[in-house]
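K.L.:
query_5.cif is reproduced in full below (mmCIF, C-alpha atoms).
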data_final
#
loop_
_atom_site.label_atom_id
_atom_site.label_comp_id
_atom_site.auth_asym_id
_atom_site.auth_seq_id
_atom_site.Cartn_x
_atom_site.Cartn_y
_atom_site.Cartn_z
CA MET Z 1 156.38 162.44 198.18
CA ASN Z 2 157.76 164.97 200.68
CA VAL Z 3 160.43 164.15 203.27
CA VAL Z 4 157.99 163.47 206.15
CA GLU Z 5 155.91 161.12 204.00
CA ARG Z 6 159.08 159.26 203.00
CA LEU Z 7 160.18 159.00 206.63
CA LYS Z 8 156.80 157.62 207.68
CA GLU Z 9 156.91 155.05 204.90
CA ASP Z 10 160.46 154.05 205.84
CA ALA Z 11 159.49 153.70 209.50
CA ALA Z 12 156.63 151.35 208.59
CA ILE Z 13 158.92 149.18 206.45
CA ILE Z 14 161.57 149.07 209.19
CA PHE Z 15 158.91 147.96 211.68
CA ARG Z 16 157.80 145.19 209.33
CA ALA Z 17 161.40 143.96 209.20
CA ALA Z 18 161.36 143.75 213.00
CA LEU Z 19 158.10 141.79 212.87
CA LYS Z 20 159.51 139.31 210.38
CA ALA Z 21 162.49 138.62 212.66
CA ALA Z 22 160.07 137.83 215.51
CA ASP Z 23 158.26 135.09 213.60
CA PRO Z 24 157.78 132.22 216.12
CA TYR Z 25 157.94 129.54 213.42
CA GLU Z 26 161.42 130.60 212.28
CA ALA Z 27 162.54 131.15 215.89
CA VAL Z 28 161.71 127.55 216.84
CA LYS Z 29 163.11 126.02 213.66
CA GLY Z 30 166.33 127.95 214.18
CA GLU Z 31 166.95 126.14 217.48
CA LEU Z 32 165.84 122.63 216.48
CA CYS Z 33 167.50 120.06 214.25
CA ARG Z 34 166.33 116.51 213.61
CA ASP Z 35 168.36 113.65 212.20
CA GLY Z 36 166.16 110.59 212.05
CA SER Z 37 164.90 110.03 215.60
CA GLN Z 38 167.60 112.28 217.07
CA LEU Z 39 166.28 115.72 218.00
CA THR Z 40 168.79 118.44 218.86
CA VAL Z 41 167.41 121.34 220.89
CA GLY Z 42 169.95 124.10 221.46
CA ASN Z 43 172.97 122.20 222.76
CA ARG Z 44 171.09 119.09 223.95
CA ARG Z 45 170.19 115.93 222.05
CA TYR Z 46 167.19 113.66 222.61
CA ASP Z 47 166.58 110.18 221.18
CA LEU Z 48 162.83 110.21 220.56
CA ARG Z 49 162.74 106.39 220.35
CA LYS Z 50 163.28 106.25 224.10
CA PHE Z 51 159.96 107.91 224.95
CA ARG Z 52 156.70 106.02 225.25
CA ASN Z 53 154.58 109.14 224.70
CA ILE Z 54 155.23 112.62 223.34
CA PHE Z 55 152.97 115.44 224.49
CA VAL Z 56 152.97 118.99 223.12
CA LEU Z 57 151.52 121.76 225.31
CA GLY Z 58 151.65 125.50 225.03
CA ALA Z 59 150.12 128.89 225.59
CA GLY Z 60 150.69 132.38 224.24
CA LYS Z 61 150.09 134.61 221.27
CA GLY Z 62 152.93 133.00 219.34
CA SER Z 63 152.37 129.40 220.43
CA GLY Z 64 150.30 128.48 217.37
CA ARG Z 65 153.15 129.27 214.98
CA MET Z 66 155.58 127.59 217.36
CA ALA Z 67 153.46 124.45 217.19
CA GLN Z 68 153.54 124.57 213.38
CA ALA Z 69 157.34 124.52 213.56
CA ILE Z 70 157.30 121.51 215.92
CA GLU Z 71 155.03 119.59 213.55
CA ASP Z 72 157.24 120.37 210.55
CA VAL Z 73 160.47 119.49 212.40
CA LEU Z 74 159.06 116.15 213.57
CA GLY Z 75 157.80 115.28 210.11
CA HIS Z 76 154.99 112.88 209.26
CA ARG Z 77 156.48 109.74 210.83
CA LEU Z 78 157.45 111.22 214.20
CA LEU Z 79 154.36 113.46 214.35
CA SER Z 80 152.29 110.27 214.40
CA ARG Z 81 154.02 109.46 217.69
CA VAL Z 82 152.63 112.59 219.36
CA THR Z 83 150.08 111.14 221.77
CA GLU Z 84 148.29 114.40 222.45
CA GLY Z 85 148.81 118.12 221.99
CA LEU Z 86 147.00 121.26 223.10
CA ILE Z 87 147.96 124.87 222.42
CA VAL Z 88 146.06 127.87 223.86
CA VAL Z 89 146.12 131.10 221.83
CA LYS Z 90 144.39 134.45 221.95
CA TYR Z 91 141.17 134.79 219.97
CA GLY Z 92 142.05 135.34 216.31
CA CYS Z 93 145.58 133.92 216.64
CA SER Z 94 144.90 130.35 215.52
CA ALA Z 95 147.23 128.52 213.17
CA PRO Z 96 146.50 125.47 210.97
CA LEU Z 97 147.90 122.36 212.67
CA LYS Z 98 147.96 118.72 211.56
CA LYS Z 99 147.94 116.81 214.87
CA ILE Z 100 148.17 119.27 217.74
CA LYS Z 101 144.85 120.79 218.83
CA ILE Z 102 144.45 124.54 219.21
CA HIS Z 103 142.15 126.32 221.65
CA GLU Z 104 141.30 130.05 221.66
CA ALA Z 105 140.82 132.02 224.88
CA GLY Z 106 140.76 135.53 226.35
CA HIS Z 107 143.67 137.96 226.74
CA PRO Z 108 144.69 140.13 228.60
CA ILE Z 109 141.80 139.35 230.94
CA PRO Z 110 141.46 135.57 231.43
CA ASP Z 111 138.11 134.02 230.56
CA ARG Z 112 136.19 130.77 230.87
CA GLN Z 113 137.62 129.34 227.65
CA GLY Z 114 141.09 129.72 229.16
CA LEU Z 115 139.87 127.97 232.29
CA ILE Z 116 138.54 125.06 230.21
CA ALA Z 117 141.89 124.73 228.41
CA SER Z 118 143.80 124.87 231.71
CA LYS Z 119 141.71 122.02 233.13
CA LYS Z 120 142.45 119.91 230.05
CA ILE Z 121 146.17 120.54 230.43
CA LEU Z 122 146.06 119.68 234.15
CA GLU Z 123 144.27 116.44 233.31
CA LEU Z 124 146.83 115.61 230.62
CA LEU Z 125 149.75 116.27 232.98
CA SER Z 126 148.23 113.92 235.54
CA ARG Z 127 148.71 111.08 233.02
CA THR Z 128 152.41 111.66 232.22
CA SER Z 129 155.18 109.38 233.45
CA GLU Z 130 158.97 109.13 233.52
CA GLU Z 131 158.85 107.38 230.13
CA ASP Z 132 157.29 110.44 228.46
CA LEU Z 133 158.51 113.63 226.78
CA VAL Z 134 156.59 116.88 227.24
CA ILE Z 135 157.36 119.66 224.76
CA THR Z 136 156.08 122.98 226.05
CA LEU Z 137 155.74 126.10 223.89
CA ILE Z 138 155.57 129.38 225.81
CA SER Z 139 155.15 132.92 224.52
CA GLY Z 140 153.82 136.26 225.70
CA GLY Z 141 150.18 136.20 226.74
CA GLY Z 142 150.48 132.67 228.10
CA SER Z 143 149.81 133.82 231.63
CA ALA Z 144 146.33 135.18 230.88
CA LEU Z 145 145.54 132.29 228.53
CA LEU Z 146 146.15 129.62 231.20
CA PRO Z 147 144.03 130.64 234.20
CA ALA Z 148 144.02 127.81 236.73
CA PRO Z 149 142.93 129.43 240.01
CA ARG Z 150 144.02 127.78 243.26
CA GLU Z 151 141.38 126.31 245.51
CA GLY Z 152 139.11 128.94 247.02
CA ILE Z 153 139.75 131.52 244.26
CA LYS Z 154 137.14 132.02 241.57
CA LEU Z 155 137.86 133.04 237.99
CA ARG Z 156 135.96 136.29 238.38
CA ASP Z 157 138.25 137.25 241.29
CA LYS Z 158 141.34 136.65 239.14
CA GLN Z 159 139.73 138.65 236.33
CA LYS Z 160 139.09 141.57 238.65
CA LEU Z 161 142.60 141.59 240.10
CA THR Z 162 144.18 141.24 236.64
CA ASP Z 163 142.27 144.30 235.46
CA ILE Z 164 143.34 146.26 238.56
CA LEU Z 165 147.00 145.29 238.14
CA LEU Z 166 147.01 146.21 234.43
CA LYS Z 167 145.68 149.69 235.19
CA CYS Z 168 147.69 150.57 238.31
CA GLY Z 169 151.09 150.92 236.59
CA ALA Z 170 152.59 147.66 237.86
CA SER Z 171 155.31 146.13 235.69
CA ILE Z 172 154.73 142.83 233.93
CA ARG Z 173 157.15 141.14 236.35
CA GLU Z 174 155.13 142.40 239.32
CA ILE Z 175 151.85 141.33 237.71
CA ASN Z 176 153.25 137.88 237.01
CA THR Z 177 154.61 137.53 240.55
CA VAL Z 178 151.03 137.77 241.80
CA ARG Z 179 149.66 135.53 239.05
CA LYS Z 180 152.16 132.78 239.86
CA HIS Z 181 150.95 132.45 243.43
CA LEU Z 182 147.28 132.29 242.50
CA SER Z 183 147.71 129.56 239.89
CA MET Z 184 148.09 125.77 239.72
CA LEU Z 185 150.28 125.96 236.59
CA LYS Z 186 152.41 129.09 236.77
CA GLY Z 187 155.62 129.65 238.70
CA GLY Z 188 157.19 126.32 237.76
CA GLN Z 189 154.10 124.30 238.62
CA LEU Z 190 153.53 123.05 235.08
CA ALA Z 191 157.01 121.45 235.13
CA MET Z 192 156.38 120.14 238.64
CA ARG Z 193 153.12 118.48 237.52
CA ALA Z 194 154.82 116.96 234.46
CA TYR Z 195 157.59 115.42 236.62
CA PRO Z 196 159.07 112.81 236.32
CA SER Z 197 158.66 113.28 232.56
CA VAL Z 198 161.44 114.89 230.55
CA MET Z 199 160.44 118.40 229.51
CA ILE Z 200 161.65 120.65 226.70
CA SER Z 201 160.34 124.20 227.11
CA LEU Z 202 160.79 126.55 224.15
CA ILE Z 203 160.21 130.18 225.08
CA LEU Z 204 159.55 133.29 223.00
CA SER Z 205 160.38 136.18 225.31
CA ASP Z 206 158.09 139.16 225.77
CA ILE Z 207 159.73 140.54 228.92
CA VAL Z 208 162.70 142.85 229.33
CA GLY Z 209 165.88 140.89 230.04
CA ASP Z 210 164.34 137.52 229.02
CA PRO Z 211 163.75 136.21 232.58
CA ILE Z 212 162.39 132.68 232.06
CA ASP Z 213 160.80 132.73 235.51
CA SER Z 214 158.53 135.62 234.48
CA ILE Z 215 157.68 135.04 230.80
CA ALA Z 216 154.04 133.86 230.81
CA SER Z 217 154.54 133.68 234.60
CA GLY Z 218 157.26 131.04 234.25
CA PRO Z 219 155.25 127.79 234.13
CA THR Z 220 158.38 125.69 233.53
CA ALA Z 221 160.95 127.67 235.55
CA PRO Z 222 161.93 127.83 239.23
CA ASP Z 223 160.31 130.68 241.14
CA ARG Z 224 162.19 132.85 243.62
CA THR Z 225 159.23 135.09 244.45
CA THR Z 226 157.07 134.59 247.52
CA PHE Z 227 153.60 135.21 248.92
CA LYS Z 228 155.15 138.10 250.84
CA ASP Z 229 156.30 139.66 247.56
CA CYS Z 230 152.73 139.49 246.27
CA MET Z 231 151.34 141.34 249.26
CA GLU Z 232 154.05 143.99 249.01
CA ILE Z 233 153.08 144.62 245.36
CA LEU Z 234 149.44 145.15 246.32
CA LYS Z 235 150.52 147.60 249.02
CA ARG Z 236 153.06 149.38 246.78
CA TYR Z 237 150.33 150.31 244.29
CA ARG Z 238 147.72 150.91 246.99
CA ILE Z 239 145.33 148.34 245.54
CA GLU Z 240 145.05 146.11 248.62
CA ARG Z 241 141.56 147.37 249.41
CA LYS Z 242 140.43 146.81 245.80
CA THR Z 243 141.67 143.22 245.79
CA PRO Z 244 138.96 140.52 246.15
CA ALA Z 245 138.72 139.18 249.70
CA SER Z 246 139.25 135.56 248.60
CA ILE Z 247 142.64 136.47 247.10
CA LEU Z 248 143.73 138.42 250.17
CA ARG Z 249 142.84 135.48 252.40
CA PHE Z 250 144.76 133.12 250.15
CA LEU Z 251 147.87 135.31 250.14
CA GLU Z 252 147.71 135.70 253.93
CA LYS Z 253 147.58 131.90 254.32
CA GLY Z 254 150.58 131.61 252.06
CA MET Z 255 152.52 134.17 254.10
CA SER Z 256 151.77 132.24 257.28
CA GLY Z 257 153.04 128.98 255.78
CA GLN Z 258 149.63 127.30 255.51
CA ILE Z 259 150.05 127.05 251.72
CA GLU Z 260 153.22 125.78 250.08
CA GLU Z 261 155.31 128.22 248.06
CA THR Z 262 155.86 127.77 244.31
CA PRO Z 263 158.75 125.36 243.47
CA GLU Z 264 162.30 126.70 243.76
CA GLU Z 265 165.49 125.78 241.93
CA ASP Z 266 166.20 122.67 244.00
CA ASP Z 267 162.93 121.01 242.98
CA PRO Z 268 163.76 117.74 241.12
CA ALA Z 269 161.42 118.67 238.26
CA PHE Z 270 163.96 121.20 236.98
CA LEU Z 271 166.70 118.60 236.68
CA LYS Z 272 164.62 117.07 233.88
CA THR Z 273 163.58 120.38 232.28
CA GLN Z 274 165.38 122.26 229.51
CA ASN Z 275 164.30 125.89 229.22
CA LEU Z 276 165.45 127.60 226.01
CA ILE Z 277 164.83 131.15 224.78
CA VAL Z 278 164.23 130.89 221.01
CA GLY Z 279 163.40 134.52 220.21
CA ASN Z 280 163.40 137.96 221.82
CA ASN Z 281 163.19 141.71 221.37
CA LEU Z 282 166.89 142.13 220.61
CA LYS Z 283 166.62 139.93 217.53
CA SER Z 284 163.83 142.15 216.19
CA ALA Z 285 165.69 145.35 217.03
CA ARG Z 286 168.75 144.10 215.15
CA ALA Z 287 166.62 143.31 212.09
CA ALA Z 288 165.16 146.84 212.24
CA ARG Z 289 168.66 148.31 212.45
CA GLN Z 290 169.79 146.32 209.42
CA LYS Z 291 166.82 147.49 207.35
CA ALA Z 292 167.43 151.11 208.39
CA LYS Z 293 171.06 150.84 207.29
CA GLU Z 294 169.90 149.52 203.91
CA PHE Z 295 167.85 152.71 203.55
CA GLY Z 296 170.93 154.82 204.27
CA TYR Z 297 170.24 155.79 207.88
CA ASN Z 298 172.88 155.90 210.58
CA ALA Z 299 171.17 153.39 212.81
CA LEU Z 300 171.51 152.89 216.55
CA ILE Z 301 169.82 150.51 218.99
CA LEU Z 302 169.37 152.62 222.08
CA SER Z 303 168.19 149.78 224.32
CA THR Z 304 165.93 146.74 224.28
CA MET Z 305 165.32 146.95 228.02
CA LEU Z 306 163.16 150.07 228.22
CA GLU Z 307 160.59 150.13 231.01
CA GLY Z 308 158.69 152.80 232.96
CA GLU Z 309 155.82 155.15 232.16
CA ALA Z 310 155.20 155.55 228.44
CA ARG Z 311 154.96 159.35 228.51
CA GLU Z 312 158.17 159.68 230.53
CA ALA Z 313 159.99 157.43 228.06
CA ALA Z 314 158.62 159.60 225.26
CA ARG Z 315 160.26 162.72 226.72
CA VAL Z 316 163.64 160.98 226.80
CA HIS Z 317 163.33 159.72 223.23
CA ALA Z 318 162.19 163.09 221.93
CA SER Z 319 165.16 164.80 223.59
CA MET Z 320 167.46 162.43 221.73
CA LEU Z 321 165.96 163.45 218.38
CA LYS Z 322 166.60 167.08 219.25
CA GLU Z 323 170.18 166.23 220.27
CA VAL Z 324 170.79 164.49 216.93
CA LEU Z 325 169.81 167.67 215.10
CA LYS Z 326 171.82 169.95 217.32
CA SER Z 327 175.07 168.05 217.84
CA GLY Z 328 174.99 164.80 215.88
CA ASN Z 329 174.95 162.80 219.13
CA PRO Z 330 174.53 159.91 219.70
CA VAL Z 331 174.32 159.39 215.93
CA ARG Z 332 174.46 161.74 212.95
CA SER Z 333 171.55 162.58 210.65
CA PRO Z 334 169.97 160.95 208.68
CA ALA Z 335 169.41 158.90 211.79
CA CYS Z 336 167.35 155.97 212.95
CA ILE Z 337 167.15 155.38 216.70
CA ILE Z 338 165.57 152.08 217.72
CA SER Z 339 164.47 150.94 221.16
CA GLY Z 340 162.64 147.93 222.52
CA GLY Z 341 161.20 146.72 225.78
CA GLU Z 342 157.80 147.47 227.22
CA THR Z 343 156.54 150.58 228.98
CA THR Z 344 153.50 150.90 231.22
CA VAL Z 345 150.59 153.31 231.50
CA THR Z 346 148.99 154.38 234.74
CA VAL Z 347 145.37 154.82 233.62
CA ARG Z 348 143.77 157.92 235.10
CA GLY Z 349 141.37 158.91 232.33
CA LYS Z 350 138.42 157.17 230.71
CA GLY Z 351 139.76 157.10 227.16
CA LEU Z 352 140.93 154.25 224.97
CA GLY Z 353 144.51 153.47 224.06
CA GLY Z 354 147.63 151.50 224.87
CA ARG Z 355 151.24 152.07 225.90
CA ASN Z 356 152.50 152.45 222.32
CA GLN Z 357 149.83 154.92 221.27
CA GLU Z 358 150.34 156.88 224.48
CA PHE Z 359 154.11 156.92 223.87
CA VAL Z 360 153.60 158.31 220.37
CA LEU Z 361 151.07 160.93 221.50
CA ALA Z 362 153.41 162.14 224.23
CA SER Z 363 156.27 162.16 221.68
CA ALA Z 364 154.19 164.18 219.21
CA ILE Z 365 153.73 166.90 221.82
CA GLU Z 366 157.47 166.91 222.58
CA ILE Z 367 158.59 167.11 218.91
CA ASP Z 368 155.94 169.64 217.87
CA GLY Z 369 157.46 171.82 215.14
CA LEU Z 370 160.54 169.63 214.72
CA LYS Z 371 161.16 169.38 211.00
CA ASN Z 372 161.58 166.00 209.27
CA ALA Z 373 161.14 163.89 212.39
CA VAL Z 374 159.00 160.77 212.77
CA VAL Z 375 158.21 158.55 215.76
CA LEU Z 376 156.63 155.09 215.49
CA SER Z 377 155.88 152.72 218.34
CA ALA Z 378 154.01 149.45 218.05
CA GLY Z 379 153.54 146.11 219.73
CA THR Z 380 154.92 143.12 217.87
CA ASP Z 381 151.79 141.15 218.78
CA GLY Z 382 149.63 143.52 216.75
CA THR Z 383 147.60 144.60 219.76
CA ASP Z 384 148.20 147.71 221.87
CA GLY Z 385 146.13 147.69 225.02
CA PRO Z 386 142.43 146.91 224.55
CA THR Z 387 142.41 148.20 220.95
CA ASP Z 388 142.62 146.83 217.40
CA ALA Z 389 145.76 148.90 216.75
CA ALA Z 390 149.36 147.79 217.22
CA GLY Z 391 150.49 151.38 217.85
CA ALA Z 392 150.74 154.71 216.10
CA ILE Z 393 153.02 157.04 214.14
CA ALA Z 394 153.54 160.80 214.48
CA ASP Z 395 155.70 163.59 213.08
CA GLY Z 396 156.61 167.18 213.90
CA PHE Z 397 153.34 168.42 212.39
CA THR Z 398 150.98 166.01 214.15
CA VAL Z 399 150.05 168.51 216.85
CA SER Z 400 149.36 171.32 214.38
CA ARG Z 401 147.23 168.98 212.25
CA ALA Z 402 145.24 168.01 215.32
CA CYS Z 403 144.74 171.61 216.38
CA GLY Z 404 143.46 172.34 212.88
CA LEU Z 405 140.74 169.77 213.57
CA LYS Z 406 140.06 171.44 216.94
CA MET Z 407 141.61 168.50 218.83
CA ASP Z 408 143.69 169.29 221.91
CA PRO Z 409 146.51 166.69 222.12
CA ARG Z 410 147.14 167.33 225.81
CA LYS Z 411 143.51 166.69 226.70
CA TYR Z 412 143.63 163.40 224.82
CA LEU Z 413 146.82 162.49 226.66
CA ASP Z 414 145.37 163.45 230.05
CA SER Z 415 142.35 161.21 229.43
CA ASN Z 416 144.46 158.31 228.11
CA ASP Z 417 142.56 158.56 224.82
CA SER Z 418 145.41 158.15 222.34
CA TYR Z 419 143.46 155.67 220.21
CA HIS Z 420 140.73 158.12 219.22
CA PHE Z 421 143.33 160.85 218.70
CA PHE Z 422 145.30 158.86 216.13
CA LYS Z 423 142.21 157.29 214.58
CA GLU Z 424 140.91 160.76 213.76
CA LEU Z 425 144.26 161.65 212.16
CA GLY Z 426 144.54 158.35 210.29
CA ASP Z 427 147.86 157.54 212.00
CA LEU Z 428 147.11 154.28 213.78
CA ILE Z 429 149.36 151.30 213.00
CA VAL Z 430 147.01 148.36 212.37
CA THR Z 431 148.59 144.99 211.57
CA GLY Z 432 145.99 142.56 212.83
CA PRO Z 433 147.14 139.56 214.90
CA THR Z 434 150.79 138.86 214.04
CA GLY Z 435 151.11 135.43 215.68
CA THR Z 436 154.09 136.58 217.72
CA ASN Z 437 154.98 138.70 220.73
CA VAL Z 438 158.45 140.01 221.64
CA MET Z 439 157.30 143.25 223.29
CA ASP Z 440 157.41 146.63 221.54
CA ILE Z 441 159.57 148.28 218.93
CA ARG Z 442 160.04 152.05 218.76
CA ILE Z 443 161.54 153.67 215.66
CA MET Z 444 162.58 157.33 215.46
CA LEU Z 445 163.76 158.80 212.18
CA ILE Z 446 165.18 162.26 211.51
CA ASP Z 447 166.66 163.83 208.40
CA LYS Z 448 168.02 167.33 207.81
CA GLU Z 449 166.99 167.21 204.16
CA ASP Z 450 164.52 169.89 203.04
#
Please go through the file and, once you have read it, give me the structure as structure tokens.
P.N.:
Amino acid sequence: MNVVERLKEDAAIIFRAALKAADPYEAVKGELCRDGSQLTVGNRRYDLRKFRNIFVLGAGKGSGRMAQAIEDVLGHRLLSRVTEGLIVVKYGCSAPLKKIKIHEAGHPIPDRQGLIASKKILELLSRTSEEDLVITLISGGGSALLPAPREGIKLRDKQKLTDILLKCGASIREINTVRKHLSMLKGGQLAMRAYPSVMISLILSDIVGDPIDSIASGPTAPDRTTFKDCMEILKRYRIERKTPASILRFLEKGMSGQIEETPEEDDPAFLKTQNLIVGNNLKSARAARQKAKEFGYNALILSTMLEGEAREAARVHASMLKEVLKSGNPVRSPACIISGGETTVTVRGKGLGGRNQEFVLASAIEIDGLKNAVVLSAGTDGTDGPTDAAGAIADGFTVSRACGLKMDPRKYLDSNDSYHFFKELGDLIVTGPTGTNVMDIRIMLIDKED
């Protein structure tokens, strides 16, 4: 095995260590402790004997595994006290559950199955009372999986706008700001509908900075955004004219005060709601760093809050690899530089790919000819954009290999066709559904060894 092959193998193992640390089951169990009927969640304690009913709701790519943890923590006796439970996951992300029901739906574009699940959850919430406990499990993808359009907005209009927002370069926070105001569940409205029940909301973060009001569009958190913010986002990305007329009319009514804003911090529902982050990108990045150190690399977490265009981020990361070789800054070779967060892609071409694959393709062009360097980027959910790949891996010879096959890397990049580029080279990272989602992990390795 030559040095580059070893580096690529090491990068894959380091990424798997990051995935393991993001496991939703372990994340939930790590924050819960039960002693008889006493359930401790973070720093709060609940006596489960005091509740007439216990409901378990959730949505997101990791919510199935989170629900498994809830069932195991409650145990057979207390699980029998769960009146009803419904978890909505992406197709292919189901998990075996004993009592809680699981429902599959579409992501990232919401579909009718998600609408059916949302209606069931709305009906369930209408039956809760102050004597009840609602345990909510939220993870990345929950926003698309719980489409509950406000009156006058059809599902197909939300589908169209979601697709436009995903392709225009808007950040996930901006996308979720719009989603919150078009929904009956997002932006704190799930907690509001559960009130006066007590609510425990366990959250697996997939957004930079772990803002609970934006993860899965913050269904259990106060919302500080407004209808005006939504309209400004549409104008900022020049997609106002592409937006369905029913949505524009709805937002205009909201701006004029004809429709009530999403609930803010002073809403009484939040006095009875505990929101707790159980897992995030930093935890995964730290696990990757530890594994890299075990392999003998000088490991550094650059940041877990990376945002912006994928190809621009790639230029910055590639320059750091070159700096390591030249000066030993910010870490000496053999080096492992790790970053997390989530970039975006402004789609201009007609190709197939995702932000991680685009990041790696842009990186491959930047590190062309750089000896003993490897770049891996992949989504912890196992899905990068509308593809079956989690991401891709490249080295300093990727471009020359492609040119040998008469493939022009820059043309593939210009057409946003990173998927077919790496598929041809056999360098896609394919994990299948992972049952979790804490954004992306990027791993860069470099070694002076010949």
K.L.:
Which residues come within 7 Å of Pro149 of chain Z, counting only C-alpha atoms, excluding same-chain residues fewer than 2 positions away, as a PyMOL selection string?
P.N.:
chain Z and resi 147+151+153-155+182-184
K.L.:
I need the residues from that last selection saved to file as a JSON list (two decimals), keeping the file's coordinate frame (with C-alpha atoms), if you can.
P.N.:
[["chain", "number", "residue", "atom", "x", "y", "z"],
["Z", 147, "PRO", "CA", 144.03, 130.64, 234.20],
["Z", 151, "GLU", "CA", 141.38, 126.31, 245.51],
["Z", 153, "ILE", "CA", 139.75, 131.52, 244.26],
["Z", 154, "LYS", "CA", 137.14, 132.02, 241.57],
["Z", 155, "LEU", "CA", 137.86, 133.04, 237.99],
["Z", 182, "LEU", "CA", 147.28, 132.29, 242.50],
["Z", 183, "SER", "CA", 147.71, 129.56, 239.89],
["Z", 184, "MET", "CA", 148.09, 125.77, 239.72]]
K.L.:
Which residues of segment 179-205 of chain Z come within 9 Å of segment 21-30 of chain Z, and for each one, what is the closest pair of atoms and their distance in Å to one decimal, counting all atoms listed in the file, sorted by chain and residue number, as a tab-separated table?
P.N.:
residue	atom	partner	partner_atom	distance
Z:Leu202	CA	Z:Val28	CA	7.4
Z:Ile203	CA	Z:Val28	CA	8.8
Z:Leu204	CA	Z:Pro24	CA	7.2
K.L.:
If I take atom CA of Gly340 of chain Z and atom CA of Gly432 of chain Z, how far is one from the other in Å, to one decimal?
P.N.:
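Straight-line distance from atom CA of Gly340 of chain Z to atom CA of Gly432 of chain Z works out to 20.0 Å.
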K.L.:
Please return, as a ChimeraX atom specification, all polymer residues that have at least one atom within 12 Å of the point (142.4, 125.8, 236.7); use all atoms listed in the file and the file's own coordinate frame.
P.N.:
/Z:110-123,144-155,158,182-186,189-190
K.L.:
Have a look at atom CA of Gly36 of chain Z and atom CA of Val73 of chain Z and let me know their distance in Å, one decimal.
P.N.:
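Pair atom CA of Gly36 of chain Z / atom CA of Val73 of chain Z returns 10.6 Å.
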K.L.:
Could you list, as an mmCIF file with C-alpha atoms, in the frame of the given file, every residue matched by the PyMOL selection byres ((chain Z and resi 35) around 12) in this structure?
P.N.:
data_model
loop_
_atom_site.group_PDB
_atom_site.id
_atom_site.type_symbol
_atom_site.label_atom_id
_atom_site.label_comp_id
_atom_site.auth_asym_id
_atom_site.auth_seq_id
_atom_site.Cartn_x
_atom_site.Cartn_y
_atom_site.Cartn_z
ATOM 1 C CA LEU Z 32 165.840 122.630 216.480
ATOM 2 C CA CYS Z 33 167.500 120.060 214.250
ATOM 3 C CA ARG Z 34 166.330 116.510 213.610
ATOM 4 C CA GLY Z 36 166.160 110.590 212.050
ATOM 5 C CA SER Z 37 164.900 110.030 215.600
ATOM 6 C CA GLN Z 38 167.600 112.280 217.070
ATOM 7 C CA LEU Z 39 166.280 115.720 218.000
ATOM 8 C CA THR Z 40 168.790 118.440 218.860
ATOM 9 C CA VAL Z 41 167.410 121.340 220.890
ATOM 10 C CA ARG Z 45 170.190 115.930 222.050
ATOM 11 C CA TYR Z 46 167.190 113.660 222.610
ATOM 12 C CA ASP Z 47 166.580 110.180 221.180
ATOM 13 C CA LEU Z 48 162.830 110.210 220.560
ATOM 14 C CA VAL Z 73 160.470 119.490 212.400
ATOM 15 C CA LEU Z 74 159.060 116.150 213.570
ATOM 16 C CA GLY Z 75 157.800 115.280 210.110
ATOM 17 C CA LEU Z 78 157.450 111.220 214.200
#
K.L.:
Taking (155.3, 131.6, 225.3) in the file's coordinates as the center, which residues reach within 7 Å of it, counting all atoms listed in the file, put as a list in words?
P.N.:
Ala59, Gly60, Gly62, Ser63, Leu137, Ile138, Ser139, Gly140, Gly142, Ile203, Leu204, Ser205, Ile215 and Ala216 of chain Z
K.L.:
Residues as selected, C-alpha atoms, written as a short mmCIF file (atom, residue, chain, number, x, y, z; two decimals), keeping the file's coordinate frame, can you do that?
P.N.:
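Contents of out.cif, freshly written:
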data_model
loop_
_atom_site.label_atom_id
_atom_site.label_comp_id
_atom_site.auth_asym_id
_atom_site.auth_seq_id
_atom_site.Cartn_x
_atom_site.Cartn_y
_atom_site.Cartn_z
CA ALA Z 59 150.12 128.89 225.59
CA GLY Z 60 150.69 132.38 224.24
CA GLY Z 62 152.93 133.00 219.34
CA SER Z 63 152.37 129.40 220.43
CA LEU Z 137 155.74 126.10 223.89
CA ILE Z 138 155.57 129.38 225.81
CA SER Z 139 155.15 132.92 224.52
CA GLY Z 140 153.82 136.26 225.70
CA GLY Z 142 150.48 132.67 228.10
CA ILE Z 203 160.21 130.18 225.08
CA LEU Z 204 159.55 133.29 223.00
CA SER Z 205 160.38 136.18 225.31
CA ILE Z 215 157.68 135.04 230.80
CA ALA Z 216 154.04 133.86 230.81
#
K.L.:
So what do you get for atom CA of Gln274 of chain Z versus atom CA of Leu97 of chain Z, distance-wise?
P.N.:
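For atom CA of Gln274 of chain Z relative to atom CA of Leu97 of chain Z, the distance reads 24.3 Å.
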K.L.:
Quick one: of Z:Lys167, Z:Arg332, Z:His181, Z:Arg173, who's nearest to Gly385 of chain Z, counting only C-alpha atoms?
P.N.:
Z:Lys167
K.L.:
Taking the file as shown, what set of residues would the PyMOL selection byres ((chain Z and resi 226) around 9) give back, as a short mmCIF file (atom, residue, chain, number, x, y, z; two decimals) with C-alpha atoms, in the frame of the given file?
P.N.:
data_model
loop_
_atom_site.label_atom_id
_atom_site.label_comp_id
_atom_site.auth_asym_id
_atom_site.auth_seq_id
_atom_site.Cartn_x
_atom_site.Cartn_y
_atom_site.Cartn_z
CA THR Z 177 154.61 137.53 240.55
CA VAL Z 178 151.03 137.77 241.80
CA HIS Z 181 150.95 132.45 243.43
CA ASP Z 223 160.31 130.68 241.14
CA ARG Z 224 162.19 132.85 243.62
CA THR Z 225 159.23 135.09 244.45
CA PHE Z 227 153.60 135.21 248.92
CA LYS Z 228 155.15 138.10 250.84
CA ASP Z 229 156.30 139.66 247.56
CA CYS Z 230 152.73 139.49 246.27
CA GLY Z 254 150.58 131.61 252.06
CA MET Z 255 152.52 134.17 254.10
CA GLU Z 261 155.31 128.22 248.06
CA THR Z 262 155.86 127.77 244.31
#
